[in-house]
>>> print(open('final11.cif').read())   # mmCIF, C-alpha atoms and all ligand atoms
data_final
loop_
_atom_site.label_atom_id
_atom_site.label_comp_id
_atom_site.auth_asym_id
_atom_site.auth_seq_id
_atom_site.Cartn_x
_atom_site.Cartn_y
_atom_site.Cartn_z
CA MET A 84 10.53 8.57 28.42
CA THR A 85 10.98 8.76 24.67
CA ASP A 86 11.59 11.92 22.68
CA ASN A 87 9.40 10.63 19.89
CA ALA A 88 5.77 11.57 19.39
CA ILE A 89 5.23 8.50 17.21
CA GLU A 90 7.16 5.23 17.04
CA ILE A 91 6.18 2.83 14.29
CA ALA A 92 7.97 -0.49 13.83
CA GLY A 93 7.40 -3.13 11.17
CA LEU A 94 3.97 -1.78 10.32
CA LYS A 95 2.09 -3.81 7.75
CA LYS A 96 -1.44 -3.55 6.43
CA THR A 97 -3.05 -5.91 3.98
CA TYR A 98 -6.63 -5.17 2.96
CA ALA A 99 -8.53 -8.43 2.57
CA ALA A 100 -9.72 -9.49 -0.88
CA THR A 101 -13.33 -8.61 -1.64
CA GLY A 102 -15.42 -9.88 -4.55
CA LYS A 103 -13.35 -9.26 -7.65
CA SER A 104 -10.56 -7.23 -6.03
CA PRO A 105 -7.59 -9.21 -4.75
CA ALA A 106 -5.97 -8.60 -1.36
CA LYS A 107 -3.93 -5.39 -1.28
CA GLU A 108 -0.73 -4.96 0.69
CA ALA A 109 -0.96 -1.22 1.37
CA LEU A 110 1.88 -1.01 3.94
CA LYS A 111 4.83 -3.38 3.63
CA GLY A 112 6.74 -2.98 6.88
CA ILE A 113 7.16 0.69 7.79
CA ASP A 114 9.64 1.78 10.49
CA LEU A 115 9.24 5.43 11.39
CA ASN A 116 9.94 7.61 14.42
CA ILE A 117 8.58 11.14 14.47
CA PRO A 118 10.23 13.50 16.97
CA ARG A 119 8.18 15.49 19.44
CA GLY A 120 7.67 19.14 18.52
CA SER A 121 8.40 18.69 14.82
CA ILE A 122 6.38 19.45 11.73
CA PHE A 123 6.76 16.20 9.85
CA GLY A 124 5.77 15.67 6.22
CA LEU A 125 4.53 12.35 4.90
CA LEU A 126 4.76 12.45 1.12
CA GLY A 127 3.82 10.09 -1.63
CA PRO A 128 1.74 9.79 -4.77
CA ASN A 129 -1.88 8.62 -4.86
CA GLY A 130 -2.22 5.14 -3.49
CA ALA A 131 1.19 5.15 -1.76
CA GLY A 132 -0.35 4.21 1.59
CA LYS A 133 -0.41 7.58 3.38
CA SER A 134 -4.08 7.47 4.33
CA THR A 135 -3.74 3.88 5.45
CA LEU A 136 -0.86 4.87 7.72
CA ILE A 137 -2.81 7.79 9.16
CA ASN A 138 -5.91 5.69 9.62
CA VAL A 139 -3.86 3.16 11.55
CA LEU A 140 -2.59 5.98 13.78
CA ALA A 141 -6.17 7.19 14.23
CA GLY A 142 -7.32 3.70 15.19
CA LEU A 143 -9.67 3.60 12.19
CA VAL A 144 -7.83 0.85 10.31
CA LEU A 145 -6.63 -2.29 12.04
CA LYS A 146 -2.98 -3.04 11.28
CA SER A 147 -1.95 -6.50 10.09
CA ALA A 148 1.44 -6.52 11.83
CA GLY A 149 3.90 -4.31 13.67
CA SER A 150 3.69 -1.93 16.57
CA VAL A 151 2.57 1.67 16.95
CA ARG A 152 3.34 3.86 19.95
CA ILE A 153 1.69 7.25 20.19
CA TRP A 154 3.12 9.65 22.76
CA GLY A 155 4.72 6.65 24.42
CA PHE A 156 1.52 4.60 24.59
CA ASP A 157 1.38 1.31 22.72
CA GLN A 158 -1.78 1.31 20.65
CA ASP A 159 -2.53 -2.33 21.52
CA VAL A 160 -1.81 -2.00 25.23
CA ASN A 161 -3.18 1.50 25.95
CA PRO A 162 -5.67 2.20 23.15
CA ARG A 163 -7.50 4.94 25.05
CA GLN A 164 -4.39 6.95 25.95
CA SER A 165 -2.86 6.57 22.51
CA ARG A 166 -6.09 7.75 20.88
CA ALA A 167 -6.35 10.74 23.22
CA ALA A 168 -2.86 11.92 22.24
CA ILE A 169 -3.71 12.39 18.59
CA GLY A 170 -6.15 14.56 16.63
CA ILE A 171 -6.83 13.95 12.96
CA MET A 172 -8.05 16.40 10.34
CA PRO A 173 -9.38 14.13 7.60
CA GLN A 174 -9.31 14.76 3.88
CA GLU A 175 -13.04 14.88 3.28
CA PRO A 176 -15.41 17.23 5.09
CA ASN A 177 -17.68 14.62 6.70
CA LEU A 178 -19.80 17.09 8.64
CA ASP A 179 -23.37 16.68 9.75
CA PRO A 180 -25.24 19.41 7.80
CA PHE A 181 -27.60 20.07 10.70
CA PHE A 182 -24.95 20.85 13.28
CA THR A 183 -23.57 24.33 13.81
CA PRO A 184 -19.80 24.74 14.25
CA ARG A 185 -20.34 25.16 17.98
CA GLY A 186 -22.55 22.07 18.06
CA SER A 187 -20.03 20.00 16.06
CA LEU A 188 -17.21 20.96 18.40
CA ASP A 189 -19.35 20.12 21.43
CA VAL A 190 -20.34 16.71 20.07
CA GLN A 191 -16.72 15.93 19.25
CA ALA A 192 -15.61 17.01 22.73
CA GLY A 193 -18.30 14.74 24.17
CA LEU A 194 -17.00 11.81 22.12
CA TYR A 195 -13.56 12.33 23.62
CA GLY A 196 -14.99 12.70 27.12
CA VAL A 197 -13.81 16.28 27.59
CA PRO A 198 -15.70 17.66 30.64
CA LYS A 199 -17.82 20.74 29.89
CA ALA A 200 -15.70 22.95 32.17
CA GLN A 201 -12.55 22.03 30.23
CA ARG A 202 -13.92 22.64 26.76
CA ARG A 203 -12.21 25.37 24.76
CA THR A 204 -14.95 25.82 22.20
CA ASP A 205 -14.70 29.63 21.94
CA ALA A 206 -10.90 29.61 21.73
CA ILE A 207 -11.02 27.00 18.96
CA LEU A 208 -13.70 28.90 17.05
CA ASP A 209 -11.51 31.96 17.30
CA LEU A 210 -8.39 30.10 16.13
CA ILE A 211 -10.15 28.73 13.04
CA GLY A 212 -11.83 32.07 12.30
CA LEU A 213 -15.40 30.80 12.72
CA SER A 214 -16.52 32.79 15.76
CA ASP A 215 -19.03 34.74 13.68
CA LYS A 216 -20.39 31.52 12.15
CA ALA A 217 -20.51 29.64 15.45
CA ASP A 218 -24.27 29.18 15.30
CA ALA A 219 -24.81 28.78 11.55
CA TYR A 220 -25.79 25.39 10.13
CA ALA A 221 -22.84 23.49 8.64
CA ARG A 222 -24.72 23.21 5.33
CA SER A 223 -24.53 27.01 5.00
CA LEU A 224 -20.74 27.07 5.42
CA SER A 225 -18.42 27.47 2.44
CA GLY A 226 -16.01 24.68 1.54
CA GLY A 227 -13.17 26.58 3.17
CA MET A 228 -15.12 27.09 6.39
CA ARG A 229 -15.90 23.37 6.53
CA ARG A 230 -12.22 22.55 6.24
CA ARG A 231 -11.47 24.94 9.08
CA LEU A 232 -14.17 23.32 11.17
CA LEU A 233 -12.53 19.92 10.56
CA LEU A 234 -9.32 21.37 11.95
CA GLY A 235 -11.24 22.64 14.98
CA LYS A 236 -12.78 19.21 15.56
CA ALA A 237 -9.31 17.64 15.58
CA LEU A 238 -8.31 20.00 18.39
CA VAL A 239 -11.18 19.63 20.90
CA HIS A 240 -9.40 17.14 23.16
CA SER A 241 -6.13 19.15 23.15
CA PRO A 242 -4.05 16.40 21.56
CA GLN A 243 -0.25 16.52 21.69
CA ILE A 244 -0.12 15.41 18.05
CA LEU A 245 -2.12 16.84 15.15
CA VAL A 246 -2.35 14.95 11.86
CA LEU A 247 -3.49 16.77 8.74
CA ASP A 248 -4.37 14.58 5.77
CA GLU A 249 -3.90 16.57 2.54
CA PRO A 250 -5.11 19.75 4.24
CA THR A 251 -4.64 22.00 1.25
CA ALA A 252 -5.72 19.77 -1.64
CA GLY A 253 -8.05 21.89 -3.75
CA VAL A 254 -8.22 24.87 -1.39
CA ASP A 255 -7.64 28.49 -2.43
CA ILE A 256 -4.55 30.47 -1.49
CA GLU A 257 -6.26 32.46 1.24
CA LEU A 258 -7.44 29.35 3.06
CA ARG A 259 -4.10 27.64 2.57
CA ASN A 260 -2.32 30.59 4.15
CA MET A 261 -4.74 30.60 7.04
CA LEU A 262 -4.29 26.87 7.62
CA TRP A 263 -0.53 27.25 7.58
CA GLN A 264 -0.72 30.11 10.03
CA ASN A 265 -2.82 27.95 12.34
CA VAL A 266 -0.42 25.05 12.02
CA ARG A 267 2.62 27.20 12.77
CA GLN A 268 0.93 28.71 15.80
CA LEU A 269 -0.04 25.29 17.15
CA ASN A 270 3.49 24.04 16.57
CA ASP A 271 4.97 27.10 18.30
CA ASP A 272 2.72 26.25 21.24
CA GLY A 273 4.34 22.81 21.37
CA MET A 274 2.09 20.59 19.26
CA THR A 275 3.70 17.95 17.05
CA ILE A 276 2.32 18.21 13.51
CA ILE A 277 2.21 15.47 10.89
CA LEU A 278 0.90 16.32 7.46
CA THR A 279 0.47 14.44 4.24
CA THR A 280 0.72 16.24 0.97
CA HIS A 281 1.28 15.78 -2.73
CA TYR A 282 2.92 19.16 -2.94
CA LEU A 283 6.65 19.23 -2.52
CA GLU A 284 6.63 23.01 -2.27
CA GLU A 285 4.27 22.84 0.67
CA ALA A 286 6.40 20.26 2.44
CA GLU A 287 9.48 22.35 1.72
CA ALA A 288 7.93 25.43 3.28
CA MET A 289 6.43 23.75 6.33
CA CYS A 290 8.24 20.59 7.35
CA ASP A 291 11.40 20.03 9.40
CA GLU A 292 11.60 16.42 8.26
CA ILE A 293 10.07 14.41 5.46
CA ALA A 294 9.39 10.75 4.80
CA ILE A 295 8.45 9.65 1.31
CA ILE A 296 6.47 6.48 0.87
CA ASN A 297 5.62 4.74 -2.35
CA HIS A 298 3.87 1.41 -2.93
CA GLY A 299 3.62 0.88 0.82
CA GLU A 300 7.36 1.25 1.42
CA MET A 301 9.39 4.08 2.81
CA ILE A 302 11.85 5.28 0.19
CA VAL A 303 13.56 7.96 2.19
CA ARG A 304 13.34 9.84 5.47
CA ASP A 305 15.51 12.86 6.07
CA THR A 306 15.51 16.49 7.09
CA THR A 307 13.90 18.71 4.51
CA ALA A 308 17.18 20.56 4.01
CA ASN A 309 19.10 17.35 3.24
CA LEU A 310 16.38 16.04 0.99
CA LEU A 311 16.18 19.20 -1.06
CA GLY A 312 19.94 19.21 -1.31
CA THR A 313 19.65 16.03 -3.33
CA LEU A 314 17.01 17.59 -5.54
CA ASP A 315 18.60 20.71 -6.79
CA ARG A 316 18.04 19.99 -10.44
CA LYS A 317 16.33 22.99 -12.00
CA THR A 318 15.06 23.74 -15.46
CA LEU A 319 14.95 27.17 -17.06
CA VAL A 320 12.68 27.47 -20.04
CA ILE A 321 13.99 30.18 -22.34
CA ARG A 322 11.94 31.49 -25.23
CA PRO A 323 14.12 33.04 -27.93
CA ASP A 324 12.89 36.05 -29.84
CA ALA A 325 13.54 34.34 -33.18
CA GLU A 326 11.01 31.57 -33.75
CA HIS A 327 13.39 29.12 -35.38
CA ALA A 328 16.50 29.67 -33.28
CA GLU A 329 18.62 26.55 -32.82
CA LEU A 330 19.77 25.35 -29.40
CA PRO A 331 23.17 27.00 -28.80
CA PRO A 332 26.26 25.10 -27.57
CA LEU A 333 26.07 24.89 -23.76
CA PRO A 334 28.81 24.92 -21.12
CA HIS A 335 29.56 21.82 -19.05
CA GLY A 336 26.86 21.12 -16.46
CA ILE A 337 23.93 22.50 -18.47
CA SER A 338 21.94 20.12 -20.62
CA GLY A 339 19.46 21.46 -23.12
CA GLN A 340 16.54 20.44 -25.23
CA ARG A 341 14.65 22.38 -27.88
CA ARG A 342 10.92 21.93 -27.32
CA ASP A 343 8.30 21.79 -30.08
CA ASP A 344 7.17 25.34 -29.33
CA GLY A 345 10.70 26.62 -30.07
CA SER A 346 11.67 27.21 -26.43
CA PHE A 347 14.83 25.82 -24.85
CA ALA A 348 14.53 23.73 -21.69
CA LEU A 349 17.89 24.03 -19.94
CA THR A 350 18.53 21.79 -16.95
CA TYR A 351 21.31 22.29 -14.40
CA ARG A 352 22.17 21.82 -10.73
CA SER A 353 21.25 25.02 -8.97
CA SER A 354 23.78 24.37 -6.19
CA GLU A 355 26.59 24.44 -8.77
CA ILE A 356 25.44 26.83 -11.46
CA PRO A 357 23.69 30.17 -10.99
CA ALA A 358 20.70 30.85 -13.25
CA GLY A 359 22.54 33.87 -14.67
CA ARG A 360 25.18 31.63 -16.23
CA VAL A 361 22.48 29.65 -18.04
CA ILE A 362 21.00 32.85 -19.46
CA ASP A 363 24.46 34.19 -20.34
CA ALA A 364 25.24 31.00 -22.28
CA VAL A 365 22.21 31.60 -24.49
CA GLN A 366 22.90 35.31 -24.98
CA ALA A 367 26.56 34.61 -25.75
CA ALA A 368 25.37 32.68 -28.80
CA GLY A 369 23.77 35.88 -30.09
CA ILE A 370 20.24 34.83 -29.21
CA THR A 371 17.83 37.50 -27.96
CA ILE A 372 15.70 36.19 -25.11
CA ARG A 373 12.01 37.07 -25.09
CA ASP A 374 10.95 35.27 -21.92
CA VAL A 375 12.32 33.06 -19.13
CA THR A 376 10.39 30.79 -16.77
CA SER A 377 11.69 28.23 -14.29
CA GLU A 378 10.41 24.75 -13.58
CA GLN A 379 10.94 23.10 -10.19
CA PRO A 380 11.30 19.34 -9.96
CA ASP A 381 7.93 17.86 -9.01
CA LEU A 382 7.31 14.94 -6.75
CA GLU A 383 7.53 12.49 -9.61
CA GLU A 384 11.01 13.69 -10.47
CA VAL A 385 11.92 13.47 -6.82
CA PHE A 386 10.91 9.83 -6.84
CA LEU A 387 12.87 9.18 -9.97
CA SER A 388 15.97 10.82 -8.60
CA LEU A 389 15.62 8.94 -5.32
CA THR A 390 14.85 5.52 -6.72
CA SER A 391 17.22 5.41 -9.68
CA GLY A 392 20.64 4.21 -8.58
CA ARG A 393 19.22 2.47 -5.53
N1 LIG A 401 -10.49 -0.11 2.37
C1 LIG A 401 -9.65 -0.54 1.42
N2 LIG A 401 -9.80 -1.77 0.87
C2 LIG A 401 -8.95 -2.22 -0.07
N3 LIG A 401 -7.89 -1.53 -0.54
C3 LIG A 401 -7.70 -0.30 -0.04
C4 LIG A 401 -8.55 0.26 0.97
N4 LIG A 401 -8.09 1.49 1.27
C5 LIG A 401 -7.00 1.69 0.50
N5 LIG A 401 -6.75 0.63 -0.29
C6 LIG A 401 -5.65 0.46 -1.24
O1 LIG A 401 -4.43 0.56 -0.53
C7 LIG A 401 -3.46 1.33 -1.26
C8 LIG A 401 -3.01 2.53 -0.44
O2 LIG A 401 -4.10 3.44 -0.33
P1 LIG A 401 -4.05 4.77 0.56
O3 LIG A 401 -5.41 5.38 0.49
O4 LIG A 401 -3.50 4.47 1.87
O5 LIG A 401 -3.02 5.64 -0.27
P2 LIG A 401 -2.72 7.19 -0.18
O6 LIG A 401 -1.25 7.31 -0.26
O7 LIG A 401 -3.37 7.78 0.99
O8 LIG A 401 -3.38 7.76 -1.49
P3 LIG A 401 -4.28 9.08 -1.63
O9 LIG A 401 -3.30 10.20 -1.65
O10 LIG A 401 -4.94 8.86 -2.96
O11 LIG A 401 -5.23 9.13 -0.49
C9 LIG A 401 -4.15 1.71 -2.57
O12 LIG A 401 -3.76 0.77 -3.54
C10 LIG A 401 -5.61 1.59 -2.27
O13 LIG A 401 -6.33 1.24 -3.41
#
>>> encode(input="final11.cif", output="structure tokens", more="lines below")
Ligand SMILES: Nc1ncnc2c1ncn2[C@@H]1O[C@H](COP(=O)(O)OP(=O)(O)OP(=O)(O)O)[C@@H](O)[C@H]1O
Amino acid sequence: MTDNAIEIAGLKKTYAATGKSPAKEALKGIDLNIPRGSIFGLLGPNGAGKSTLINVLAGLVLKSAGSVRIWGFDQDVNPRQSRAAIGIMPQEPNLDPFFTPRGSLDVQAGLYGVPKAQRRTDAILDLIGLSDKADAYARSLSGGMRRRLLLGKALVHSPQILVLDEPTAGVDIELRNMLWQNVRQLNDDGMTIILTTHYLEEAEAMCDEIAIINHGEMIVRDTTANLLGTLDRKTLVIRPDAEHAELPPLPHGISGQRRDDGSFALTYRSSEIPAGRVIDAVQAAGITIRDVTSEQPDLEEVFLSLTSGR
């Protein structure tokens, strides 16, 4: 018995050429094991291949090469068992407007062959906070409620693995917090969670381990703690009181740039230099500080730092 929820080896996907668009190699040989019980983040920019990978796991896209085992079941040998082990919350709310949340969950449970006596419809409605909307038409649900219903649909067959594809893209803070609460609770109850996101902050807060893919290749896979350790470059943006103040001399380890708006962007490694020393360096030059903001490295910078020097 393996300790991995997912085992992917040599996975390739090439979309066939159509009309004017040439063939597209979306996955170029991915090897990836995802441990059972983890919250695993799959990161990458638009077009990196994340959705393709998830759709292969879901059995919605046919792989071109490689092998995929889900909860120990080879997708090609035991397609039914491997499909039953995974639930997917897709990016887009593709809900039938004439179904109620209860109806949608029932239809989905039927599709997965869950016997009526084993259905957990009320518990799921409760988890996703839609008990009071159980019998309202989907078209009358808010965007946030539809997203929650998608999560509920992914859970009807009690999968061991839950995949969330960009669950918080474009959602408000309240819904995001609720989704994260749900995810943590499911994980505490033993479910393996895989999520894709553009947001490094989100991955940092939620995930035990992270894989970053770009152009169909895996650039890095590590624990979140290790990965962030390599990304400790921070920038403080300091606005001096005097409009035309010049950038002061800076101690070793802090590099600075005067921006067009007169502010100083000061970059340093936060593991080596405390923010206070950066501020002190400016004040020591006799400059009065009006305002300070900090900028975290974004995913693009993460890619740059990971790919340069490789
Ligand atoms: N059905 C398809 N036919 C042809 N090419 C496709 C198809 N689906 C995706 N692609 C291409 O494959 C590449 C990977 O796309 P994919 O949707 O997997 O990326 P992604 O990382 O999920 O991006 P996003 O975050 O925008 O969803 C892209 O270049 C995309 O244009």
>>> residues_near_point(input="final11.cif", point="(-22.2, 28.5, 15.3)", cutoff="10 Å", atoms="all atoms listed in the file", output="list in words")
Phe182, Thr183, Pro184, Arg185, Gly186, Ser187, Leu188, Leu208, Leu213, Ser214, Asp215, Lys216, Ala217, Asp218, Ala219, Tyr220 and Ala221 of chain A
>>> residues_near_ligand(input="final11.cif", ligand="ligand LIG 401 (chain A)", cutoff="9 Å", atoms="all atoms listed in the file", output="PyMOL selection string")
chain A and resi 96-101+104-110+126-138+144+174+248-249+279-281+296-299
>>> closest_residue(input="final11.cif", among="A:Leu194, A:Ile244, A:Leu178, A:Met172", to="Leu224 in chain A", atoms="all atoms listed in the file")
A:Leu178
>>> atom_distance(input="final11.cif", atom1="CA of Leu278 in chain A", atom2="CA of Val246 in chain A")
5.6 Å
>>> residues_around(input="final11.cif", residues="range 162-170 of chain A", least_positions_apart="4", cutoff="7 Å", atoms="all atoms listed in the file", output="PyMOL selection string")
chain A and resi 141+153-154+156-158+237-238+242-246
>>> closest_residue(input="final11.cif", among="A:Arg316, A:Arg230, A:Arg322, A:Lys236", to="Tyr351 in chain A", atoms="all atoms listed in the file")
A:Arg316
>>> closest_residue(input="final11.cif", among="A:Lys146, A:Lys111, A:Glu329, A:Val151", to="Glu90 in chain A", atoms="only C-alpha atoms")
A:Val151
>>> residues_around(input="final11.cif", residues="Leu234 in chain A", least_positions_apart="5", cutoff="9 Å", atoms="all atoms listed in the file", output="short mmCIF file (atom, residue, chain, number, x, y, z; two decimals) with C-alpha atoms, in the frame of the given file")
data_model
loop_
_atom_site.label_atom_id
_atom_site.label_comp_id
_atom_site.auth_asym_id
_atom_site.auth_seq_id
_atom_site.Cartn_x
_atom_site.Cartn_y
_atom_site.Cartn_z
CA GLY A 170 -6.15 14.56 16.63
CA ILE A 171 -6.83 13.95 12.96
CA MET A 172 -8.05 16.40 10.34
CA PRO A 173 -9.38 14.13 7.60
CA ILE A 211 -10.15 28.73 13.04
CA ARG A 229 -15.90 23.37 6.53
CA LEU A 247 -3.49 16.77 8.74
CA PRO A 250 -5.11 19.75 4.24
CA LEU A 262 -4.29 26.87 7.62
#
>>> atom_distance(input="final11.cif", atom1="CA of Ile91 in chain A", atom2="CA of Ser150 in chain A")
5.8 Å
>>> atom_distance(input="final11.cif", atom1="CA of Ser121 in chain A", atom2="CA of Ile293 in chain A")
10.4 Å
>>> residues_around(input="final11.cif", residues="Ile117 in chain A", least_positions_apart="6", cutoff="8 Å", atoms="only C-alpha atoms", output="MDAnalysis selection string")
chainID A and resid 87:90 123
>>> residues_around(input="final11.cif", residues="Val375 in chain A", least_positions_apart="5", cutoff="10 Å", atoms="all atoms listed in the file", output="list in words")
Leu319, Val320, Ile321, Arg322, Pro323, Ser346, Phe347, Ala348 and Ile362 of chain A
>>> closest_residue(input="final11.cif", among="A:Met289, A:Val139, A:Val160, A:Leu232", to="Thr204 in chain A", atoms="all atoms listed in the file")
A:Leu232
>>> residues_around(input="final11.cif", residues="Leu330 in chain A", least_positions_apart="6", cutoff="8 Å", atoms="only C-alpha atoms", output="list in words")
Gly339, Gln340, Arg341 and Phe347 of chain A
>>> closest_residue(input="final11.cif", among="A:Ala325, A:Ala206, A:Ala200, A:Met301", to="Gly369 in chain A", atoms="only C-alpha atoms")
A:Ala325
>>> closest_residue(input="final11.cif", among="A:Gly226, A:Gly345, A:Gly235, A:Pro334", to="Asp255 in chain A", atoms="all atoms listed in the file")
A:Gly226
